[in-house]
$ cat final.cif   # mmCIF, C-alpha atoms
data_data
#
loop_
_atom_site.label_atom_id
_atom_site.label_comp_id
_atom_site.auth_asym_id
_atom_site.auth_seq_id
_atom_site.Cartn_x
_atom_site.Cartn_y
_atom_site.Cartn_z
CA MET A 683 25.84 -29.27 36.85
CA PRO A 684 23.31 -26.65 38.01
CA THR A 685 24.46 -24.81 41.09
CA VAL A 686 21.63 -22.33 41.70
CA ALA A 687 18.58 -23.70 43.53
CA SER A 688 16.10 -22.46 40.90
CA GLU A 689 18.07 -24.18 38.14
CA ARG A 690 18.14 -27.38 40.12
CA GLY A 691 14.38 -27.00 40.63
CA ALA A 692 13.81 -26.55 36.89
CA ALA A 693 15.93 -29.63 36.16
CA THR A 694 13.92 -31.71 38.63
CA ARG A 695 10.68 -30.49 37.07
CA GLU A 696 11.97 -31.57 33.65
CA ARG A 697 12.92 -34.95 35.05
CA LEU A 698 9.40 -35.43 36.41
CA ILE A 699 7.85 -34.53 33.04
CA HIS A 700 10.26 -36.89 31.31
CA ALA A 701 9.36 -39.71 33.72
CA ALA A 702 5.63 -39.09 33.18
CA ALA A 703 6.16 -39.11 29.39
CA GLU A 704 7.71 -42.58 29.71
CA LEU A 705 5.06 -43.91 32.09
CA ILE A 706 1.93 -42.75 30.21
CA PRO A 707 2.56 -45.06 27.20
CA GLU A 708 3.81 -47.89 29.44
CA LEU A 709 0.95 -47.95 31.96
CA GLY A 710 -1.85 -45.88 30.47
CA TRP A 711 -2.79 -42.36 31.60
CA SER A 712 -4.99 -43.28 34.56
CA ALA A 713 -2.49 -45.76 36.00
CA VAL A 714 0.25 -43.13 36.40
CA THR A 715 0.52 -42.14 40.06
CA THR A 716 2.67 -39.69 42.03
CA ARG A 717 4.50 -42.62 43.57
CA LYS A 718 5.35 -44.22 40.21
CA VAL A 719 6.54 -40.94 38.67
CA ALA A 720 8.70 -40.29 41.74
CA ALA A 721 10.21 -43.79 41.55
CA ARG A 722 10.97 -43.44 37.82
CA ALA A 723 12.53 -40.01 38.32
CA GLY A 724 14.46 -41.21 41.36
CA VAL A 725 12.98 -38.67 43.79
CA ARG A 726 10.75 -38.85 46.87
CA PRO A 727 6.96 -38.54 46.23
CA GLY A 728 6.94 -35.21 48.11
CA VAL A 729 9.12 -33.74 45.35
CA VAL A 730 6.32 -34.33 42.81
CA HIS A 731 3.90 -32.38 45.01
CA TYR A 732 6.41 -29.59 45.44
CA HIS A 733 6.46 -29.02 41.67
CA PHE A 734 2.87 -29.90 40.72
CA ALA A 735 -0.39 -29.32 42.57
CA SER A 736 -1.59 -32.79 41.54
CA VAL A 737 -0.66 -35.73 39.35
CA SER A 738 -3.29 -34.45 36.88
CA GLU A 739 -1.41 -31.17 36.59
CA LEU A 740 1.83 -33.06 35.89
CA LEU A 741 0.13 -35.29 33.31
CA GLY A 742 -1.52 -32.28 31.65
CA GLU A 743 1.81 -30.48 31.45
CA THR A 744 3.37 -33.64 29.97
CA ALA A 745 0.58 -33.90 27.37
CA VAL A 746 0.96 -30.28 26.26
CA ARG A 747 4.76 -30.54 26.17
CA SER A 748 4.78 -33.80 24.18
CA THR A 749 2.23 -32.51 21.68
CA HIS A 750 4.16 -29.27 21.30
CA GLU A 751 7.44 -31.11 20.76
CA ALA A 752 6.03 -33.55 18.20
CA LEU A 753 4.34 -30.76 16.22
CA THR A 754 7.43 -28.53 16.40
CA ALA A 755 9.71 -31.35 15.22
CA SER A 756 7.31 -32.05 12.36
CA PHE A 757 7.14 -28.40 11.31
CA ARG A 758 10.92 -27.86 11.58
CA ALA A 759 11.55 -30.87 9.36
CA LEU A 760 9.16 -29.52 6.71
CA GLU A 761 10.62 -26.04 6.91
CA ALA A 762 14.24 -27.22 6.57
CA ALA A 763 13.62 -29.16 3.35
CA PRO A 764 14.77 -27.58 0.08
CA ASP A 765 11.37 -28.03 -1.61
CA VAL A 766 7.83 -29.20 -0.92
CA ALA A 767 8.30 -32.70 -2.39
CA SER A 768 11.31 -33.46 -0.22
CA ALA A 769 9.57 -31.86 2.77
CA LEU A 770 6.73 -34.36 2.37
CA ASP A 771 9.20 -37.24 1.87
CA GLY A 772 10.90 -36.16 5.09
CA ALA A 773 7.61 -35.96 6.99
CA LEU A 774 6.71 -39.49 5.88
CA LYS A 775 10.14 -40.78 6.84
CA MET A 776 9.72 -39.18 10.27
CA LEU A 777 6.37 -40.98 10.68
CA ASP A 778 8.05 -44.27 9.73
CA GLY A 779 10.54 -43.65 12.50
CA TYR A 780 7.74 -43.24 15.05
CA ALA A 781 6.10 -46.47 13.83
CA GLU A 782 9.06 -48.59 14.94
CA ASP A 783 8.50 -47.51 18.51
CA ARG A 784 4.82 -47.08 19.29
CA SER A 785 5.42 -45.14 22.51
CA THR A 786 5.07 -41.67 20.93
CA ALA A 787 1.81 -42.69 19.25
CA LEU A 788 0.59 -44.00 22.60
CA LEU A 789 1.68 -40.89 24.50
CA LEU A 790 -0.03 -38.51 22.06
CA THR A 791 -3.18 -40.64 21.82
CA GLU A 792 -3.46 -40.88 25.61
CA SER A 793 -3.04 -37.08 25.70
CA PHE A 794 -5.77 -36.63 23.13
CA LEU A 795 -8.12 -38.93 25.06
CA ALA A 796 -7.42 -37.18 28.35
CA ALA A 797 -8.11 -33.86 26.63
CA THR A 798 -11.54 -35.00 25.48
CA ARG A 799 -12.34 -35.46 29.20
CA ASP A 800 -10.69 -32.26 30.50
CA GLU A 801 -11.80 -28.92 29.13
CA SER A 802 -8.70 -26.94 30.07
CA LEU A 803 -6.34 -29.54 28.62
CA ARG A 804 -8.52 -29.66 25.51
CA ALA A 805 -8.17 -25.89 25.07
CA ARG A 806 -4.39 -26.13 25.39
CA LEU A 807 -4.04 -28.99 22.88
CA ARG A 808 -6.48 -27.27 20.52
CA ASP A 809 -4.25 -24.17 20.64
CA GLU A 810 -1.13 -26.24 19.91
CA LEU A 811 -2.85 -27.81 16.94
CA SER A 812 -4.20 -24.55 15.60
CA GLU A 813 -0.77 -22.92 15.90
CA TYR A 814 0.68 -25.89 13.94
CA ARG A 815 -1.98 -25.46 11.24
CA ARG A 816 -1.33 -21.71 11.09
CA ARG A 817 2.42 -22.24 10.58
CA LEU A 818 1.77 -24.99 8.06
CA ALA A 819 -0.58 -22.72 6.11
CA ALA A 820 1.98 -19.90 6.02
CA TRP A 821 4.62 -22.37 4.82
CA LEU A 822 2.32 -23.75 2.11
CA ARG A 823 1.40 -20.24 0.94
CA HIS A 824 5.04 -19.24 0.79
CA ARG A 825 6.71 -22.41 -0.50
CA ALA A 826 4.04 -24.16 -2.53
CA GLY A 827 1.93 -21.14 -3.48
CA THR A 828 -1.13 -23.06 -2.32
CA ALA A 829 -4.22 -20.98 -3.04
CA ASP A 830 -6.41 -22.45 -0.27
CA ALA A 831 -3.52 -22.74 2.18
CA ASP A 832 -5.66 -22.79 5.35
CA ALA A 833 -7.87 -25.66 4.21
CA SER A 834 -4.89 -27.50 2.72
CA ALA A 835 -2.94 -27.15 5.95
CA THR A 836 -5.90 -28.55 7.89
CA VAL A 837 -6.11 -31.57 5.58
CA LEU A 838 -2.32 -32.06 5.51
CA ALA A 839 -2.11 -31.93 9.32
CA ALA A 840 -5.00 -34.39 9.58
CA ALA A 841 -3.49 -36.70 6.96
CA LEU A 842 -0.08 -36.78 8.67
CA ASP A 843 -1.74 -37.42 12.04
CA GLY A 844 -3.91 -40.14 10.51
CA VAL A 845 -0.94 -41.85 8.84
CA PHE A 846 0.90 -41.65 12.18
CA LEU A 847 -1.97 -43.50 13.91
CA HIS A 848 -2.54 -46.02 11.12
CA LEU A 849 1.18 -46.87 11.12
CA ALA A 850 0.93 -47.72 14.81
CA LEU A 851 -1.69 -50.34 13.89
CA ASP A 852 0.08 -51.44 10.72
CA PRO A 853 3.82 -50.71 10.51
CA SER A 854 3.92 -52.44 7.10
CA LEU A 855 2.08 -49.51 5.44
CA ALA A 856 4.20 -48.36 2.49
CA THR A 857 4.68 -44.64 3.15
CA PRO A 858 6.91 -43.53 0.22
CA ALA A 859 4.01 -43.90 -2.24
CA LEU A 860 1.95 -41.49 -0.12
CA ARG A 861 4.00 -38.50 -1.23
CA ALA A 862 2.23 -38.19 -4.59
CA PRO A 863 -1.32 -37.77 -3.17
CA LEU A 864 0.01 -35.49 -0.39
CA GLY A 865 1.80 -33.44 -3.06
CA ARG A 866 -1.39 -33.10 -5.08
CA LEU A 867 -3.37 -31.97 -2.06
CA VAL A 868 -1.08 -28.99 -1.51
CA ALA A 869 -0.62 -28.35 -5.26
CA ALA A 870 -0.98 -24.63 -5.93
CA ARG A 871 -3.06 -24.74 -9.06
CA GLY A 872 -5.10 -27.79 -8.15
CA GLN A 873 -8.18 -25.92 -7.03
CA GLU A 874 -8.41 -23.67 -10.09
CA GLU A 875 -8.06 -26.69 -12.37
CA GLU A 876 -10.81 -28.47 -10.51
CA GLU A 877 -13.10 -25.45 -10.69
CA ASN A 878 -12.45 -25.01 -14.40
CA ARG A 879 -13.49 -28.55 -15.28
CA MET B 45 -39.91 -60.49 20.29
CA PRO B 46 -37.48 -63.43 19.95
CA THR B 47 -38.99 -66.67 21.02
CA VAL B 48 -36.21 -69.19 20.35
CA ALA B 49 -33.49 -69.48 23.03
CA SER B 50 -30.63 -68.95 20.58
CA GLU B 51 -32.23 -65.77 19.27
CA ARG B 52 -32.73 -64.52 22.78
CA GLY B 53 -29.07 -65.33 23.45
CA ALA B 54 -27.96 -63.37 20.38
CA ALA B 55 -30.11 -60.42 21.45
CA THR B 56 -28.58 -60.47 24.95
CA ARG B 57 -25.08 -60.62 23.44
CA GLU B 58 -25.91 -57.55 21.33
CA ARG B 59 -27.24 -55.76 24.39
CA LEU B 60 -23.97 -56.40 26.23
CA ILE B 61 -21.90 -55.07 23.31
CA HIS B 62 -24.16 -52.04 23.11
CA ALA B 63 -23.76 -51.41 26.87
CA ALA B 64 -19.95 -51.74 26.58
CA ALA B 65 -19.94 -49.32 23.63
CA GLU B 66 -21.69 -46.75 25.85
CA LEU B 67 -19.49 -47.34 28.88
CA ILE B 68 -16.07 -47.22 27.16
CA PRO B 69 -16.37 -43.51 26.24
CA GLU B 70 -18.07 -42.66 29.53
CA LEU B 71 -15.62 -44.34 31.91
CA GLY B 72 -12.53 -45.16 29.88
CA TRP B 73 -11.58 -48.65 28.66
CA SER B 74 -9.88 -49.90 31.81
CA ALA B 75 -12.69 -48.75 34.12
CA VAL B 76 -15.32 -50.90 32.39
CA THR B 77 -16.07 -53.97 34.51
CA THR B 78 -18.34 -56.98 34.16
CA ARG B 79 -20.52 -55.61 36.92
CA LYS B 80 -20.96 -52.21 35.24
CA VAL B 81 -21.75 -53.71 31.83
CA ALA B 82 -24.29 -56.04 33.46
CA ALA B 83 -25.93 -53.13 35.28
CA ARG B 84 -26.13 -51.02 32.11
CA ALA B 85 -27.57 -53.92 30.10
CA GLY B 86 -29.99 -54.80 32.91
CA VAL B 87 -28.75 -58.37 33.40
CA ARG B 88 -26.98 -60.29 36.18
CA PRO B 89 -23.13 -60.32 36.04
CA GLY B 90 -23.19 -64.07 35.38
CA VAL B 91 -24.89 -63.38 32.04
CA VAL B 92 -21.80 -61.46 30.88
CA HIS B 93 -19.62 -64.48 31.66
CA TYR B 94 -22.04 -66.79 29.88
CA HIS B 95 -21.49 -64.84 26.64
CA PHE B 96 -17.86 -63.74 26.97
CA ALA B 97 -14.87 -65.53 28.50
CA SER B 98 -13.72 -62.26 30.08
CA VAL B 99 -14.47 -58.54 30.11
CA SER B 100 -11.44 -58.13 27.79
CA GLU B 101 -13.09 -60.38 25.25
CA LEU B 102 -16.29 -58.32 25.44
CA LEU B 103 -14.35 -55.05 25.10
CA GLY B 104 -12.33 -56.42 22.17
CA GLU B 105 -15.50 -57.54 20.41
CA THR B 106 -17.00 -54.07 21.05
CA ALA B 107 -13.88 -52.39 19.63
CA VAL B 108 -13.90 -54.47 16.44
CA ARG B 109 -17.64 -54.02 16.00
CA SER B 110 -17.55 -50.24 16.52
CA THR B 111 -14.60 -49.80 14.16
CA HIS B 112 -16.29 -51.97 11.55
CA GLU B 113 -19.56 -50.04 11.82
CA ALA B 114 -17.91 -46.61 11.60
CA LEU B 115 -15.82 -47.62 8.57
CA THR B 116 -18.77 -49.31 6.87
CA ALA B 117 -21.00 -46.26 7.42
CA SER B 118 -18.24 -44.03 6.01
CA PHE B 119 -17.76 -46.22 2.93
CA ARG B 120 -21.50 -46.63 2.26
CA ALA B 121 -21.95 -42.85 2.37
CA LEU B 122 -19.15 -42.36 -0.17
CA GLU B 123 -20.45 -45.10 -2.42
CA ALA B 124 -24.03 -43.80 -2.44
CA ALA B 125 -23.07 -40.30 -3.60
CA PRO B 126 -23.64 -39.40 -7.26
CA ASP B 127 -20.08 -38.15 -7.80
CA VAL B 128 -16.73 -37.85 -6.03
CA ALA B 129 -17.16 -34.20 -5.02
CA SER B 130 -20.49 -34.82 -3.30
CA ALA B 131 -19.13 -38.03 -1.77
CA LEU B 132 -16.38 -35.98 -0.10
CA ASP B 133 -18.89 -33.33 0.98
CA GLY B 134 -20.98 -36.09 2.51
CA ALA B 135 -17.98 -37.61 4.31
CA LEU B 136 -17.12 -34.22 5.81
CA LYS B 137 -20.72 -33.65 6.86
CA MET B 138 -20.71 -37.07 8.55
CA LEU B 139 -17.56 -36.10 10.48
CA ASP B 140 -19.24 -32.86 11.57
CA GLY B 141 -22.07 -34.97 12.95
CA TYR B 142 -19.64 -37.03 15.03
CA ALA B 143 -18.02 -33.84 16.37
CA GLU B 144 -21.21 -32.75 18.11
CA ASP B 145 -21.12 -35.86 20.24
CA ARG B 146 -17.57 -36.86 21.10
CA SER B 147 -18.53 -40.35 22.26
CA THR B 148 -17.78 -42.07 18.93
CA ALA B 149 -14.35 -40.40 18.76
CA LEU B 150 -13.71 -41.54 22.32
CA LEU B 151 -14.89 -45.09 21.66
CA LEU B 152 -12.73 -45.49 18.55
CA THR B 153 -9.70 -43.84 20.15
CA GLU B 154 -9.98 -46.06 23.23
CA SER B 155 -10.22 -49.05 20.87
CA PHE B 156 -7.11 -47.93 19.00
CA LEU B 157 -5.18 -47.48 22.26
CA ALA B 158 -6.27 -50.86 23.58
CA ALA B 159 -5.16 -52.39 20.28
CA THR B 160 -1.67 -50.97 20.61
CA ARG B 161 -1.44 -52.99 23.84
CA ASP B 162 -3.10 -56.21 22.62
CA GLU B 163 -1.63 -57.98 19.62
CA SER B 164 -4.73 -59.95 18.64
CA LEU B 165 -7.00 -56.90 18.82
CA ARG B 166 -4.38 -54.97 16.85
CA ALA B 167 -4.47 -57.60 14.08
CA ARG B 168 -8.27 -57.42 13.93
CA LEU B 169 -8.40 -53.60 13.77
CA ARG B 170 -5.56 -53.59 11.22
CA ASP B 171 -7.61 -55.95 9.05
CA GLU B 172 -10.70 -53.73 9.34
CA LEU B 173 -8.66 -50.72 8.30
CA SER B 174 -6.96 -52.48 5.42
CA GLU B 175 -10.32 -53.75 4.13
CA TYR B 176 -11.61 -50.15 4.29
CA ARG B 177 -8.58 -48.91 2.34
CA ARG B 178 -9.02 -51.71 -0.23
CA ARG B 179 -12.67 -50.77 -0.81
CA LEU B 180 -11.82 -47.08 -0.92
CA ALA B 181 -9.08 -47.75 -3.51
CA ALA B 182 -11.46 -49.75 -5.70
CA TRP B 183 -14.02 -46.95 -5.46
CA LEU B 184 -11.43 -44.28 -6.33
CA ARG B 185 -10.17 -46.32 -9.30
CA HIS B 186 -13.71 -46.81 -10.58
CA ARG B 187 -15.33 -43.46 -9.80
CA ALA B 188 -12.48 -40.94 -9.87
CA GLY B 189 -10.12 -42.81 -12.21
CA THR B 190 -7.37 -42.18 -9.65
CA ALA B 191 -4.08 -43.50 -11.07
CA ASP B 192 -2.41 -44.24 -7.71
CA ALA B 193 -5.63 -45.40 -6.08
CA ASP B 194 -3.98 -47.46 -3.32
CA ALA B 195 -1.77 -44.64 -2.07
CA SER B 196 -4.59 -42.12 -2.48
CA ALA B 197 -6.97 -44.33 -0.51
CA THR B 198 -4.39 -44.60 2.29
CA VAL B 199 -4.00 -40.82 2.45
CA LEU B 200 -7.75 -40.22 2.16
CA ALA B 201 -8.52 -42.70 4.96
CA ALA B 202 -5.81 -41.10 7.13
CA ALA B 203 -7.05 -37.58 6.36
CA LEU B 204 -10.67 -38.42 7.23
CA ASP B 205 -9.55 -40.13 10.43
CA GLY B 206 -7.31 -37.16 11.29
CA VAL B 207 -10.11 -34.64 10.66
CA PHE B 208 -12.40 -36.80 12.83
CA LEU B 209 -9.90 -36.60 15.72
CA HIS B 210 -9.06 -32.92 15.25
CA LEU B 211 -12.78 -32.07 15.25
CA ALA B 212 -13.10 -33.75 18.65
CA LEU B 213 -10.53 -31.26 19.97
CA ASP B 214 -11.86 -28.33 17.98
CA PRO B 215 -15.49 -28.56 16.84
CA SER B 216 -15.19 -25.08 15.29
CA LEU B 217 -12.98 -26.40 12.45
CA ALA B 218 -14.61 -25.34 9.18
CA THR B 219 -14.99 -28.60 7.27
CA PRO B 220 -16.73 -27.51 4.01
CA ALA B 221 -13.51 -25.83 2.78
CA LEU B 222 -11.65 -29.13 3.18
CA ARG B 223 -13.36 -30.66 0.16
CA ALA B 224 -11.12 -28.87 -2.37
CA PRO B 225 -7.80 -30.26 -1.03
CA LEU B 226 -9.39 -33.71 -0.52
CA GLY B 227 -10.67 -33.53 -4.09
CA ARG B 228 -7.20 -32.70 -5.42
CA LEU B 229 -5.64 -35.57 -3.53
CA VAL B 230 -7.84 -38.10 -5.30
CA ALA B 231 -7.73 -36.22 -8.64
CA ALA B 232 -7.06 -38.67 -11.43
CA ARG B 233 -4.58 -36.65 -13.45
CA GLY B 234 -2.92 -34.91 -10.53
CA GLN B 235 0.12 -37.15 -10.42
CA GLU B 236 0.90 -36.95 -14.14
CA GLU B 237 0.58 -33.17 -14.04
CA GLU B 238 2.94 -33.00 -11.12
CA GLU B 239 5.45 -35.25 -12.86
CA ASN B 240 5.26 -33.24 -16.10
CA ARG B 241 6.09 -29.96 -14.42
#
$ encode --input "final.cif" --output "structure tokens"
Amino acid sequence: MPTVASERGAATRERLIHAAAELIPELGWSAVTTRKVAARAGVRPGVVHYHFASVSELLGETAVRSTHEALTASFRALEAAPDVASALDGALKMLDGYAEDRSTALLLTESFLAATRDESLRARLRDELSEYRRRLAAWLRHRAGTADADASATVLAAALDGVFLHLALDPSLATPALRAPLGRLVAARGQEEEENR
Amino acid sequence: MPTVASERGAATRERLIHAAAELIPELGWSAVTTRKVAARAGVRPGVVHYHFASVSELLGETAVRSTHEALTASFRALEAAPDVASALDGALKMLDGYAEDRSTALLLTESFLAATRDESLRARLRDELSEYRRRLAAWLRHRAGTADADASATVLAAALDGVFLHLALDPSLATPALRAPLGRLVAARGQEEEENR
């Protein structure tokens, strides 16, 4: 149990972010209020205002955090796999896991939508995404020897995000078969072959 | 100008859907009311209720229509191209066009979010998407000779949708370079080559 005031403050802040991350998918972004976050976190409304200048600031922080965590989990899973094929299998299995519970898809989609209406949030999510692409490109270059690693990382990130969203509409999508086309897209010698045709 | 009452009715119905399609990205799904749609379409609120049982029904119809139109436009552009490479170039150029004006991305994302919360809308959008994938798979089989056309169509649809969303966050994404990895993913002999390694 935290004993120092600043640690207790940090723990409360985390609890507020966690409560907001639950409420955004349940109620929708614009229906989340200070009062509801406080009730979910089991604190008085004043505590929310002590930690965040406004409910928008709390929601923005929650959006950035959730996006960061989802992208980090995705990248770590890829990185830990012994080879590219099993990395892609693992990424697809992870997306299947999200499909069973739509709340992550809802949370990230609400965050994306809010970002299209808020320039500073948009810049923060754009940076998260471009950092993810950068790491993905370095991984592809290193592990798959992908010649056009930057473009391939952009398409791979988009494809995984798209499958994630399409699974939320249609959880019956058969993901294991998707590994072959994903594997081809990052295939090292693919581009040269295509150019030599 | 329509002279028959039923034609005038159909035209009014279209005007209401058009007004809703403008208001959803501007205000957000849940902020669109009968009164606001009526004002935008230049009709009395009662006219909305004459055509739609509720504002939800109007919004659902708008979501299905907008999704159908975006997917149809995307497929027609692919189909009209002389070869697969220029079809993909055209698809990317179309996505660049959407990125300049975020309203289509907002409209479709709001529709997706609403669908995750409404089972009947979800079934309708799922059907639109699976019809798009089916047509894309047939096109890939026919034009690119893609062996695993169903899986490739699923990944291609997801990738295009993902690029569409990522462009809304980051319009500076360089799309022309994405054609090579997209081309590899639908490449006919890609899978056999990978398996023969």
$ closest_residue --input "final.cif" --among "B:Pro215, B:Gly206, B:Gly104, B:Gly189" --to "chain A" --atoms "only C-alpha atoms"
B:Gly206
$ interface_residues --input "final.cif" --of "chain B" --to "chain A" --cutoff "7 Å" --atoms "all atoms listed in the file" --output "MDAnalysis selection string"
chainID B and resid 150 157 160 166 170 195:196 199 202:203 205:207 213:214 221:222 224:226 228:230 234:235
$ write_last_selection --input "final.cif" --atoms "C-alpha atoms" --output "tab-separated table (two decimals), in the frame of the given file"
chain	number	residue	atom	x	y	z
B	150	LEU	CA	-13.71	-41.54	22.32
B	157	LEU	CA	-5.18	-47.48	22.26
B	160	THR	CA	-1.67	-50.97	20.61
B	166	ARG	CA	-4.38	-54.97	16.85
B	170	ARG	CA	-5.56	-53.59	11.22
B	195	ALA	CA	-1.77	-44.64	-2.07
B	196	SER	CA	-4.59	-42.12	-2.48
B	199	VAL	CA	-4.00	-40.82	2.45
B	202	ALA	CA	-5.81	-41.10	7.13
B	203	ALA	CA	-7.05	-37.58	6.36
B	205	ASP	CA	-9.55	-40.13	10.43
B	206	GLY	CA	-7.31	-37.16	11.29
B	207	VAL	CA	-10.11	-34.64	10.66
B	213	LEU	CA	-10.53	-31.26	19.97
B	214	ASP	CA	-11.86	-28.33	17.98
B	221	ALA	CA	-13.51	-25.83	2.78
B	222	LEU	CA	-11.65	-29.13	3.18
B	224	ALA	CA	-11.12	-28.87	-2.37
B	225	PRO	CA	-7.80	-30.26	-1.03
B	226	LEU	CA	-9.39	-33.71	-0.52
B	228	ARG	CA	-7.20	-32.70	-5.42
B	229	LEU	CA	-5.64	-35.57	-3.53
B	230	VAL	CA	-7.84	-38.10	-5.30
B	234	GLY	CA	-2.92	-34.91	-10.53
B	235	GLN	CA	0.12	-37.15	-10.42
$ axis_aligned_box --input "final.cif" --around "stretch 758-762 of chain A" --padding-each-side "4 Å" --output "AutoDock Vina command-line options"
--center_x 11.7 --center_y -28.5 --center_z 9.1 --size_x 13.1 --size_y 12.8 --size_z 13.0
$ atom_distance --input "final.cif" --atom1 "atom CA of A:Ala735" --atom2 "atom CA of A:Thr754"
27.3 Å
$ atom_distance --input "final.cif" --atom1 "atom CA of A:Ser688" --atom2 "atom CA of A:Ile706"
27.0 Å
$ resolve_selection --input "final.cif" --expression "the PyMOL selection byres ((chain B and resi 105) around 12)" --output "PyMOL selection string"
chain B and resi 57-58+60-62+64-65+95-104+106-112+155+158-159+164-166+168-169
$ atom_distance --input "final.cif" --atom1 "atom CA of A:Arg816" --atom2 "atom CA of A:Val766"
16.9 Å
$ closest_residue --input "final.cif" --among "B:Val91, B:Ala191, B:Ala63, B:Leu136" --to "B:Val76" --atoms "only C-alpha atoms"
B:Ala63
